[in-house]
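The file start_14.txt comes next; it holds compact mmCIF, C-alpha atoms.
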```txt
# COMPACT_ATOMS: atom_id res chain seq x y z
CA MET K 1 100.28 -13.39 -32.12
CA SER K 2 100.96 -11.97 -28.64
CA LYS K 3 98.88 -12.99 -25.66
CA ARG K 4 96.63 -10.32 -24.16
CA GLN K 5 97.90 -9.33 -20.71
CA THR K 6 94.84 -7.60 -19.27
CA LYS K 7 92.18 -10.06 -18.17
CA ILE K 8 88.61 -9.18 -19.11
CA VAL K 9 85.65 -10.07 -16.90
CA LEU K 10 81.99 -9.57 -17.75
CA CYS K 11 79.89 -8.77 -14.69
CA ILE K 12 76.17 -9.41 -15.10
CA GLY K 13 73.90 -8.03 -12.40
CA SER K 14 70.64 -6.22 -11.90
CA GLY K 15 71.90 -3.81 -9.24
CA ALA K 16 73.75 -0.78 -10.59
CA ILE K 17 75.35 0.01 -7.23
CA GLU K 18 76.63 -3.56 -6.78
CA LEU K 19 77.94 -3.59 -10.36
CA ASN K 20 79.83 -0.34 -9.76
CA LEU K 21 81.34 -1.58 -6.50
CA ARG K 22 82.30 -4.91 -8.07
CA SER K 23 83.83 -3.13 -11.05
CA GLY K 24 85.95 -0.98 -8.73
CA LEU K 25 87.11 -4.03 -6.78
CA LEU K 26 88.09 -5.93 -9.92
CA LEU K 27 89.70 -2.90 -11.59
CA ASP K 28 91.90 -2.49 -8.51
CA CYS K 29 92.94 -6.13 -8.94
CA GLY K 30 94.03 -5.62 -12.56
CA TRP K 31 90.91 -6.74 -14.43
CA HIS K 32 89.28 -4.89 -17.31
CA VAL K 33 85.56 -4.94 -16.48
CA LEU K 34 82.58 -5.04 -18.82
CA SER K 35 79.10 -4.95 -17.33
CA ALA K 36 75.52 -5.78 -18.19
CA VAL K 37 72.44 -4.85 -16.15
CA SER K 38 70.33 -7.86 -17.17
CA GLY K 39 70.77 -11.47 -18.14
CA SER K 40 69.72 -10.86 -21.73
CA GLU K 41 72.15 -7.94 -22.08
CA GLY K 42 74.86 -10.13 -20.55
CA VAL K 43 74.30 -12.95 -23.04
CA LEU K 44 74.42 -10.44 -25.90
CA ARG K 45 77.68 -8.86 -24.66
CA PHE K 46 79.17 -12.31 -24.11
CA SER K 47 78.42 -13.26 -27.71
CA GLU K 48 80.03 -10.03 -28.99
CA GLU K 49 83.06 -9.64 -26.68
CA LYS K 50 86.17 -11.68 -25.90
CA VAL K 51 86.10 -12.25 -22.13
CA ASP K 52 88.21 -14.39 -19.82
CA ALA K 53 85.53 -14.90 -17.15
CA VAL K 54 81.96 -13.99 -16.17
CA VAL K 55 80.49 -13.05 -12.79
CA ILE K 56 76.70 -13.34 -12.41
CA ASP K 57 74.67 -11.70 -9.63
CA LEU K 58 71.03 -11.75 -10.74
CA ASP K 59 68.51 -13.18 -8.32
CA THR K 60 67.92 -14.67 -4.93
CA ASP K 61 66.97 -18.25 -5.81
CA GLY K 62 69.41 -18.86 -8.67
CA SER K 63 66.87 -19.72 -11.37
CA GLU K 64 67.76 -16.85 -13.73
CA ALA K 65 71.47 -17.25 -13.03
CA ALA K 66 71.23 -20.95 -13.91
CA LEU K 67 69.54 -20.16 -17.25
CA ILE K 68 72.13 -17.53 -18.13
CA THR K 69 75.03 -19.78 -17.10
CA GLY K 70 73.63 -22.55 -19.30
CA GLU K 71 73.48 -20.27 -22.31
CA LEU K 72 76.99 -18.90 -21.74
CA LYS K 73 78.38 -22.43 -21.37
CA ARG K 74 76.55 -23.51 -24.52
CA GLN K 75 78.26 -20.69 -26.44
CA ARG K 76 81.76 -21.00 -24.92
CA PRO K 77 82.14 -23.79 -22.36
CA GLU K 78 85.79 -22.91 -21.68
CA VAL K 79 84.98 -19.50 -20.16
CA PRO K 80 84.67 -19.75 -16.37
CA VAL K 81 81.44 -18.53 -14.77
CA VAL K 82 81.25 -17.46 -11.11
CA LEU K 83 77.86 -17.09 -9.40
CA LEU K 84 77.33 -14.70 -6.50
CA PHE K 85 74.58 -15.37 -3.97
CA ASN K 86 73.44 -14.01 -0.63
CA ASN K 87 72.51 -17.41 0.78
CA GLU K 88 73.42 -20.70 -0.87
CA LYS K 89 70.79 -22.56 1.16
CA LEU K 90 67.89 -20.76 -0.56
CA LEU K 91 68.80 -21.75 -4.12
CA VAL K 92 66.61 -23.80 -6.43
CA GLN K 93 67.86 -27.30 -7.12
CA GLY K 94 70.55 -27.33 -9.83
CA ALA K 95 71.15 -23.56 -9.71
CA THR K 96 74.91 -23.93 -9.47
CA ASP K 97 75.45 -27.14 -11.48
CA GLN K 98 77.01 -25.47 -14.53
CA ALA K 99 78.96 -22.77 -12.69
CA ASP K 100 82.70 -23.07 -12.18
CA ALA K 101 82.50 -21.44 -8.74
CA VAL K 102 80.05 -19.97 -6.25
CA VAL K 103 80.97 -17.07 -3.98
CA LEU K 104 78.77 -15.79 -1.19
CA LYS K 105 78.36 -12.02 -1.39
CA LYS K 106 79.51 -11.55 2.18
CA HIS K 107 82.91 -12.95 1.06
CA GLU K 108 82.99 -11.23 -2.33
CA ALA K 109 85.63 -8.58 -1.57
CA SER K 110 88.03 -11.08 -0.03
CA SER K 111 87.36 -14.07 -2.33
CA LEU K 112 86.19 -13.04 -5.79
CA PRO K 113 89.49 -11.71 -7.22
CA GLY K 114 91.39 -14.84 -6.14
CA VAL K 115 88.69 -17.19 -7.41
CA LEU K 116 88.71 -15.46 -10.81
CA ASP K 117 92.51 -15.55 -11.02
CA ARG K 118 92.60 -19.29 -10.23
CA LEU K 119 89.85 -20.11 -12.75
CA VAL K 120 91.44 -18.09 -15.55
CA ARG K 121 94.86 -19.63 -14.89
CA LYS K 122 93.29 -23.12 -15.16
CA ALA K 123 91.47 -22.32 -18.40
```
Can you dump the structure from the file as structure tokens?
Amino acid sequence: MSKRQTKIVLCIGSGAIELNLRSGLLLDCGWHVLSAVSGSEGVLRFSEEKVDAVVIDLDTDGSEAALITGELKRQRPEVPVVLLFNNEKLLVQGATDQADAVVLKKHEASSLPGVLDRLVRKA
């Protein structure tokens, strides 16, 4: 069986504009991008699709992102999950505990592709 060359990332986010911009960024970096506009849609897609990584951008305090990350890790703990936040200091306690990486949105364009590549190479 040959190994799939194109990496697939599932981007979960509630903002359509941010999802489109993120998709463009990751497409330009060689990723195939799937998207979901809510946490519940993201969990459903994750259970139905083979993905190499997940990026979550859902809320300001991290509570919903933490719940979604927990469910994704319960289903497939080997798939890396990256959380995006505006301000890490405003997160609820434990919001990032299950994530493989956290990227601040202000650094997303310069950091996210490299973070995903490193996590997928490790997996």
Could you give me, as JSON, numbers by chain, the residues within 12 Å of Val120 of chain K, counting all atoms listed in the file and dropping anything in the same chain fewer than 5 positions from it?
{"K": [6, 7, 8, 9, 31, 51, 52, 53, 54, 78, 79, 80, 81, 82, 100, 101, 113, 114, 115]}
Could you work out how far atom CA of Ser110 of chain K lies from atom CA of Glu71 of chain K, giving the answer in Å with one decimal?
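Separation between atom CA of Glu71 of chain K and atom CA of Ser110 of chain K: 28.2 Å.
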Between K:Ala36, K:Ala99, K:Leu26, K:Leu119, single out the one closest to Leu58 of chain K, counting all atoms listed in the file.
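That would be K:Ala36, the residue with the smallest distance to Leu58 of chain K.
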Two-atom distance - atom CA of Arg22 of chain K, atom CA of Lys106 of chain K (Å)
12.5 Å
Need the shell around Val43 of chain K: protein/DNA/RNA residues with any atom at most 7 Å away, counting only C-alpha atoms. Skip same-chain ones fewer than 4 positions apart. Format as a PyMOL selection string?
chain K and resi 39+47+72
